[in-house]
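Student: Quick one, start_9.txt (compact mmCIF, C-alpha atoms):
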```
# COMPACT_ATOMS: atom_id res chain seq x y z
CA MET A 1 0.00 0.00 0.00
CA ASN A 2 1.38 3.37 -1.03
CA TYR A 3 1.66 5.86 1.84
CA VAL A 4 3.40 8.82 0.20
CA SER A 5 4.24 9.86 -3.35
CA VAL A 6 6.94 12.49 -3.81
CA GLU A 7 6.72 13.96 -7.29
CA ASN A 8 9.40 16.05 -8.99
CA ILE A 9 10.37 18.13 -5.95
CA SER A 10 13.12 20.74 -6.14
CA LYS A 11 14.81 22.91 -3.53
CA ALA A 12 17.34 25.73 -3.77
CA TYR A 13 18.62 28.50 -1.53
CA GLY A 14 19.47 31.45 -3.72
CA GLU A 15 21.78 30.18 -6.45
CA ARG A 16 22.62 27.03 -4.49
CA VAL A 17 20.54 24.17 -5.87
CA LEU A 18 20.21 21.25 -3.45
CA PHE A 19 18.19 18.98 -5.72
CA GLU A 20 15.82 19.09 -8.68
CA ASN A 21 12.96 16.89 -9.89
CA LEU A 22 13.30 14.18 -7.26
CA SER A 23 10.58 11.51 -7.23
CA PHE A 24 10.08 8.47 -5.02
CA GLY A 25 7.42 6.68 -3.02
CA ILE A 26 7.06 5.22 0.46
CA ASN A 27 5.01 2.06 0.92
CA GLU A 28 3.63 0.39 4.00
CA GLY A 29 6.26 -1.62 5.88
CA GLN A 30 9.31 0.00 4.29
CA LYS A 31 12.13 1.08 6.56
CA ILE A 32 14.13 3.50 4.46
CA GLY A 33 17.47 5.07 5.30
CA LEU A 34 18.42 8.23 3.37
CA ILE A 35 22.14 8.64 2.72
CA ALA A 36 23.83 11.73 1.32
CA LYS A 37 26.90 13.85 1.88
CA ASN A 38 26.61 16.66 4.41
CA GLY A 39 25.18 19.85 2.95
CA THR A 40 23.46 18.19 0.00
CA GLY A 41 19.88 18.48 1.22
CA LYS A 42 19.09 15.61 3.60
CA THR A 43 17.43 17.82 6.22
CA SER A 44 15.55 19.82 3.59
CA LEU A 45 14.26 16.59 2.07
CA LEU A 46 13.06 15.39 5.48
CA ASN A 47 11.38 18.73 6.16
CA ILE A 48 9.60 18.63 2.81
CA LEU A 49 8.54 15.01 3.33
CA SER A 50 7.15 15.86 6.79
CA LEU A 51 5.32 18.90 5.34
CA THR A 52 7.18 21.33 7.59
CA GLU A 53 8.84 22.93 4.56
CA THR A 54 7.55 23.62 1.05
CA PRO A 55 9.47 22.57 -2.07
CA ASP A 56 10.23 25.16 -4.73
CA ALA A 57 8.55 22.86 -7.25
CA GLY A 58 6.79 19.52 -7.20
CA GLN A 59 4.52 18.08 -4.54
CA VAL A 60 4.20 15.51 -1.75
CA ASN A 61 0.96 13.51 -1.75
CA TYR A 62 -0.09 11.60 1.35
CA ARG A 63 -2.62 8.79 1.44
CA ASN A 64 -5.88 9.99 2.99
CA ASN A 65 -6.00 9.83 6.80
CA LEU A 66 -2.38 8.69 7.08
CA LYS A 67 -0.86 9.44 10.50
CA GLN A 68 2.65 10.88 10.22
CA ALA A 69 5.10 11.93 12.94
CA PHE A 70 8.43 13.75 12.55
CA LEU A 71 11.40 13.86 14.91
CA PRO A 72 13.61 16.83 13.95
CA GLN A 73 17.13 17.31 15.30
CA GLU A 74 16.00 20.34 17.31
CA PRO A 75 12.67 19.54 18.98
CA ASN A 76 10.29 22.34 19.89
CA LEU A 77 9.09 21.64 23.45
CA ASP A 78 7.18 23.89 25.86
CA PRO A 79 9.74 24.73 28.59
CA THR A 80 7.04 25.37 31.20
CA LEU A 81 5.66 21.82 31.09
CA SER A 82 6.90 18.79 33.00
CA VAL A 83 8.05 15.59 31.32
CA GLU A 84 4.66 13.95 31.92
CA GLU A 85 2.71 17.07 30.93
CA THR A 86 4.59 17.12 27.62
CA ILE A 87 3.26 13.66 26.81
CA PHE A 88 -0.32 14.73 27.53
CA ALA A 89 0.03 18.03 25.66
CA SER A 90 1.08 16.30 22.43
CA ASP A 91 -1.20 15.83 19.44
CA ASN A 92 -1.68 12.17 20.27
CA HIS A 93 -4.44 10.09 18.68
CA THR A 94 -4.59 7.69 21.64
CA LEU A 95 -5.21 10.58 24.02
CA ARG A 96 -8.13 11.71 21.87
CA VAL A 97 -9.57 8.19 22.01
CA ILE A 98 -9.22 8.19 25.80
CA ALA A 99 -10.89 11.61 26.01
CA ALA A 100 -13.82 10.34 23.93
CA TYR A 101 -14.16 7.32 26.24
CA GLU A 102 -14.13 9.53 29.36
CA LYS A 103 -16.82 11.72 27.75
CA ALA A 104 -18.95 8.64 27.05
CA LEU A 105 -18.63 7.58 30.68
CA LYS A 106 -20.44 10.77 31.69
CA ASN A 107 -23.49 9.70 29.69
CA PRO A 108 -23.85 5.95 30.35
CA ASN A 109 -27.42 5.87 29.01
CA ASP A 110 -26.09 6.40 25.48
CA THR A 111 -25.12 2.77 25.03
CA GLU A 112 -24.28 3.16 21.32
CA ALA A 113 -21.75 5.94 22.00
CA MET A 114 -20.34 3.96 24.92
CA GLN A 115 -19.85 0.85 22.77
CA LYS A 116 -18.15 2.87 20.03
CA ALA A 117 -15.82 4.41 22.61
CA ILE A 118 -14.96 0.99 24.05
CA ASP A 119 -14.33 -0.44 20.57
CA ARG A 120 -11.96 2.44 19.79
CA MET A 121 -10.16 1.93 23.11
CA ASP A 122 -9.69 -1.74 22.19
CA ALA A 123 -8.51 -0.97 18.67
CA GLU A 124 -6.04 1.65 19.87
CA GLN A 125 -4.86 -0.49 22.82
CA ALA A 126 -5.52 2.64 24.86
CA TRP A 127 -6.33 0.92 28.14
CA ASP A 128 -2.64 0.58 28.97
CA PHE A 129 -1.49 4.01 27.74
CA GLU A 130 -0.17 5.07 31.14
CA THR A 131 1.92 1.90 31.37
CA GLN A 132 3.15 2.40 27.81
CA TYR A 133 4.38 5.96 28.21
CA LYS A 134 6.00 5.28 31.58
CA GLN A 135 7.85 2.28 30.15
CA ILE A 136 9.13 4.29 27.18
CA LEU A 137 10.22 7.20 29.39
CA SER A 138 11.99 4.76 31.70
CA GLN A 139 13.83 3.12 28.80
CA LEU A 140 15.00 6.59 27.73
CA LYS A 141 16.09 7.40 31.30
CA LEU A 142 13.46 10.07 31.89
CA ASP A 143 12.28 8.78 35.25
CA ASN A 144 11.52 12.12 36.91
CA LEU A 145 8.10 12.75 35.40
CA GLU A 146 7.65 16.02 37.31
CA GLN A 147 10.87 17.63 36.07
CA LYS A 148 10.27 20.74 33.99
CA VAL A 149 11.47 20.78 30.40
CA HIS A 150 13.56 23.91 30.93
CA LEU A 151 15.63 22.00 33.48
CA LEU A 152 16.40 19.13 31.11
CA SER A 153 19.69 18.79 29.29
CA GLY A 154 19.77 18.95 25.50
CA GLY A 155 20.00 15.17 25.35
CA GLN A 156 17.07 14.70 27.72
CA LYS A 157 14.92 17.08 25.65
CA ARG A 158 15.79 15.14 22.53
CA ARG A 159 14.85 11.84 24.21
CA LEU A 160 11.57 13.33 25.46
CA ALA A 161 10.74 14.40 21.90
CA LEU A 162 11.54 10.86 20.73
CA ALA A 163 9.24 9.38 23.38
CA THR A 164 6.41 11.71 22.37
CA THR A 165 6.90 10.82 18.71
CA LEU A 166 6.86 7.06 19.38
CA LEU A 167 3.74 7.31 21.55
CA ASN A 168 1.87 8.92 18.66
CA LYS A 169 1.92 5.48 16.97
CA PRO A 170 2.07 6.97 13.48
CA ASP A 171 1.67 5.03 10.26
CA LEU A 172 4.80 6.78 8.98
CA LEU A 173 7.64 7.85 11.24
CA ILE A 174 10.18 10.37 9.86
CA LEU A 175 13.37 10.61 11.90
CA ASP A 176 16.37 12.94 11.72
CA GLU A 177 19.29 11.30 13.57
CA PRO A 178 17.17 9.18 15.95
CA THR A 179 20.14 7.74 17.87
CA ASN A 180 21.61 11.11 18.85
CA HIS A 181 21.94 11.30 22.68
CA LEU A 182 21.12 7.61 23.09
CA ASP A 183 23.48 5.21 24.82
CA LEU A 184 23.99 1.63 23.60
CA ASP A 185 21.20 0.18 25.77
CA MET A 186 18.73 2.78 24.48
CA ILE A 187 19.71 2.13 20.86
CA GLU A 188 19.24 -1.61 21.29
CA TRP A 189 15.85 -1.00 22.92
CA LEU A 190 14.83 1.32 20.05
CA GLU A 191 15.80 -1.31 17.46
CA SER A 192 13.66 -3.87 19.30
CA PHE A 193 10.79 -1.39 19.62
CA PHE A 194 10.75 -0.77 15.86
CA LYS A 195 10.62 -4.51 15.19
CA GLN A 196 7.72 -4.99 17.63
CA GLN A 197 5.66 -2.01 16.45
CA GLN A 198 6.14 -2.53 12.70
CA PHE A 199 6.46 1.17 11.92
CA THR A 200 7.02 2.39 8.39
CA LEU A 201 10.20 4.46 8.67
CA PHE A 202 12.07 7.11 6.72
CA MET A 203 15.22 8.26 8.47
CA VAL A 204 18.56 9.99 8.28
CA THR A 205 21.24 8.69 10.61
CA HIS A 206 25.04 8.58 10.73
CA ASP A 207 24.81 5.42 12.85
CA ARG A 208 25.73 2.80 10.26
CA TYR A 209 25.09 -0.10 12.65
CA PHE A 210 21.57 1.20 13.29
CA LEU A 211 20.99 1.48 9.54
CA GLU A 212 22.23 -2.07 9.09
CA ARG A 213 19.92 -3.56 11.70
CA VAL A 214 16.78 -1.46 11.16
CA CYS A 215 16.48 -0.45 7.49
CA ASN A 216 15.41 -2.76 4.67
CA GLU A 217 15.97 -0.19 1.94
CA ILE A 218 18.50 2.58 1.30
CA ILE A 219 17.97 5.70 -0.80
CA GLU A 220 21.12 7.58 -1.75
CA LEU A 221 21.07 11.22 -2.81
CA ASP A 222 24.24 11.73 -4.83
CA GLU A 223 24.94 14.81 -6.95
CA GLY A 224 21.25 15.58 -7.20
CA ASN A 225 20.18 12.08 -8.22
CA LEU A 226 18.38 9.41 -6.21
CA TYR A 227 19.47 5.77 -6.23
CA ASN A 228 17.37 3.02 -4.61
CA TYR A 229 18.85 -0.11 -3.03
CA LYS A 230 16.39 -2.81 -1.93
CA GLY A 231 18.38 -4.10 1.03
CA ASN A 232 20.20 -3.15 4.21
CA TYR A 233 23.33 -1.04 4.59
CA SER A 234 25.73 -3.86 3.68
CA TYR A 235 23.75 -4.52 0.51
CA TYR A 236 23.87 -0.80 -0.29
CA LEU A 237 27.66 -0.65 0.07
CA GLU A 238 28.09 -3.64 -2.24
CA LYS A 239 25.72 -2.39 -4.93
CA ARG A 240 26.94 1.21 -4.71
CA GLU A 241 30.49 0.07 -5.40
CA ALA A 242 29.27 -1.89 -8.39
CA ARG A 243 27.35 1.14 -9.66
CA LEU A 244 30.40 3.39 -9.38
CA ASP A 245 32.59 0.79 -11.10
CA ASN A 246 30.18 0.77 -14.01
```
In structure tokens, what does this structure look like?

Tutor:
Amino acid sequence: MNYVSVENISKAYGERVLFENLSFGINEGQKIGLIAKNGTGKTSLLNILSLTETPDAGQVNYRNNLKQAFLPQEPNLDPTLSVEETIFASDNHTLRVIAAYEKALKNPNDTEAMQKAIDRMDAEQAWDFETQYKQILSQLKLDNLEQKVHLLSGGQKRRLALATTLLNKPDLLILDEPTNHLDLDMIEWLESFFKQQQFTLFMVTHDRYFLERVCNEIIELDEGNLYNYKGNYSYYLEKREARLDN
């Protein structure tokens, strides 16, 4: 199932052209790693894909009702909130399902609305949301739920943004350097989490081991052209060398 179609997008800053007429698609279940030299447009491509930036030409078409979440390198968090308050202040679909259920509880005579709310809670696995977010925060070593965001280190803020993004349970997860500020245990946990949750992923990371273990496809942006490799990082290295030889 096609999730996103990127059609002939271009981006330039003044006379500096990053890329022109790039096209590719993202399908359900793909875990794509984007590789390019520094300064050639990786972040701009992620921003355009996540709809936080507009291309100079071309368009990005999302499947109707697709849930997308984006983890940028510099997260924008409210400094006045606590760690736990940040989770509940996010635009989280599960939280909306829980709110609808709590509203239905106030009118128990409306059995149809109550049943719909219960069915949505079941489908979203929302009954255990508190357990879920506390487990994720614990894995990312954010155990002080009352600590204010403005007191967190840069690495802690980044991990809080990652937790919030994961808890959104998106269909498509777009990540810019997801392993930044993670220790080895956290990275191994994140790899396992991705396997369990079956996210569709599009990411940029300098962590080659993470690419190797998580991604099943590599897209390389090289001198303004895109090259697709239907395999992990080792497969990419092998086929890229063959391409350059030819």

Student: With only C-alpha atoms as the counted atoms, please give the residues lying no more than 10 Å from region 28-32 of chain A, apart from itself and same-chain residues fewer than 4 positions off, as a PDB file with C-alpha atoms, in the coordinates of the input.

Tutor:
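The resulting file, around-v2.pdb, is reproduced below:
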```pdb
ATOM      1  CA  MET A   1       0.000   0.000   0.000  1.00  0.00           C
ATOM      2  CA  ASN A   2       1.380   3.370  -1.030  1.00  0.00           C
ATOM      3  CA  TYR A   3       1.660   5.860   1.840  1.00  0.00           C
ATOM      4  CA  VAL A   4       3.400   8.820   0.200  1.00  0.00           C
ATOM      5  CA  ASP A 171       1.670   5.030  10.260  1.00  0.00           C
ATOM      6  CA  LEU A 172       4.800   6.780   8.980  1.00  0.00           C
ATOM      7  CA  LEU A 173       7.640   7.850  11.240  1.00  0.00           C
ATOM      8  CA  ILE A 174      10.180  10.370   9.860  1.00  0.00           C
ATOM      9  CA  PHE A 194      10.750  -0.770  15.860  1.00  0.00           C
ATOM     10  CA  GLN A 198       6.140  -2.530  12.700  1.00  0.00           C
ATOM     11  CA  PHE A 199       6.460   1.170  11.920  1.00  0.00           C
ATOM     12  CA  THR A 200       7.020   2.390   8.390  1.00  0.00           C
ATOM     13  CA  LEU A 201      10.200   4.460   8.670  1.00  0.00           C
ATOM     14  CA  PHE A 202      12.070   7.110   6.720  1.00  0.00           C
ATOM     15  CA  MET A 203      15.220   8.260   8.470  1.00  0.00           C
ATOM     16  CA  VAL A 204      18.560   9.990   8.280  1.00  0.00           C
ATOM     17  CA  LEU A 211      20.990   1.480   9.540  1.00  0.00           C
ATOM     18  CA  VAL A 214      16.780  -1.460  11.160  1.00  0.00           C
ATOM     19  CA  CYS A 215      16.480  -0.450   7.490  1.00  0.00           C
ATOM     20  CA  ASN A 216      15.410  -2.760   4.670  1.00  0.00           C
ATOM     21  CA  GLU A 217      15.970  -0.190   1.940  1.00  0.00           C
ATOM     22  CA  ILE A 218      18.500   2.580   1.300  1.00  0.00           C
ATOM     23  CA  ILE A 219      17.970   5.700  -0.800  1.00  0.00           C
ATOM     24  CA  ASN A 228      17.370   3.020  -4.610  1.00  0.00           C
ATOM     25  CA  TYR A 229      18.850  -0.110  -3.030  1.00  0.00           C
ATOM     26  CA  LYS A 230      16.390  -2.810  -1.930  1.00  0.00           C
ATOM     27  CA  GLY A 231      18.380  -4.100   1.030  1.00  0.00           C
ATOM     28  CA  ASN A 232      20.200  -3.150   4.210  1.00  0.00           C
TER      29      ASN A 232
END
```

Student: What's the 12 Å shell around Leu152 (chain A), counting only C-alpha atoms, without same-chain residues fewer than 5 positions away, as a PyMOL selection string?

Tutor: chain A and resi 77-83+141-147+157-161

Student: Would you mind reading off the distance between CA of Ser90 (chain A) and CA of Asn27 (chain A), one decimal, in Å?

Tutor: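 CA of Asn27 (chain A) lies at a distance of 26.1 Å from CA of Ser90 (chain A).
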
Student: In Å to one decimal, how far is CA of Thr165 (chain A) from CA of Ile87 (chain A)?

Tutor: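 Distance reported for this atom pair: 9.3 Å.
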
Student: Nearest to Asn225 (chain A): which of A:Pro108, A:Pro75, A:Gly41, A:Pro178 is it, counting all atoms listed in the file?

Tutor: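 Using all atoms listed in the file, the shortest distance to Asn225 (chain A) belongs to A:Gly41.
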
Student: Using all atoms listed in the file, give me every residue within 10 Å of (-1.8, 4.3, 14.8) in file coordinates, as a list in words.

Tutor: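 Selection result: Leu66, Lys67, Gln68, Asn92, His93, Thr94, Ala123, Glu124, Gln125, Leu167, Asn168, Lys169, Pro170, Asp171, Leu172, Gln197 and Phe199 of chain A.
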
Student: Give the answer as one residue: which of A:Asn76, A:Asp110, A:Lys134, A:Tyr101 has the shortest atom-to-atom distance to Asp122 (chain A), using all atoms listed in the file?

Tutor: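 So, comparing all the options, the nearest one is A:Tyr101.
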
Student: Which residue out of A:Asp91, A:Asp119, A:Glu223, A:Asp183 has the minimum interatomic distance to Leu166 (chain A) when only C-alpha atoms are used?

Tutor: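 Closest candidate: A:Asp91.
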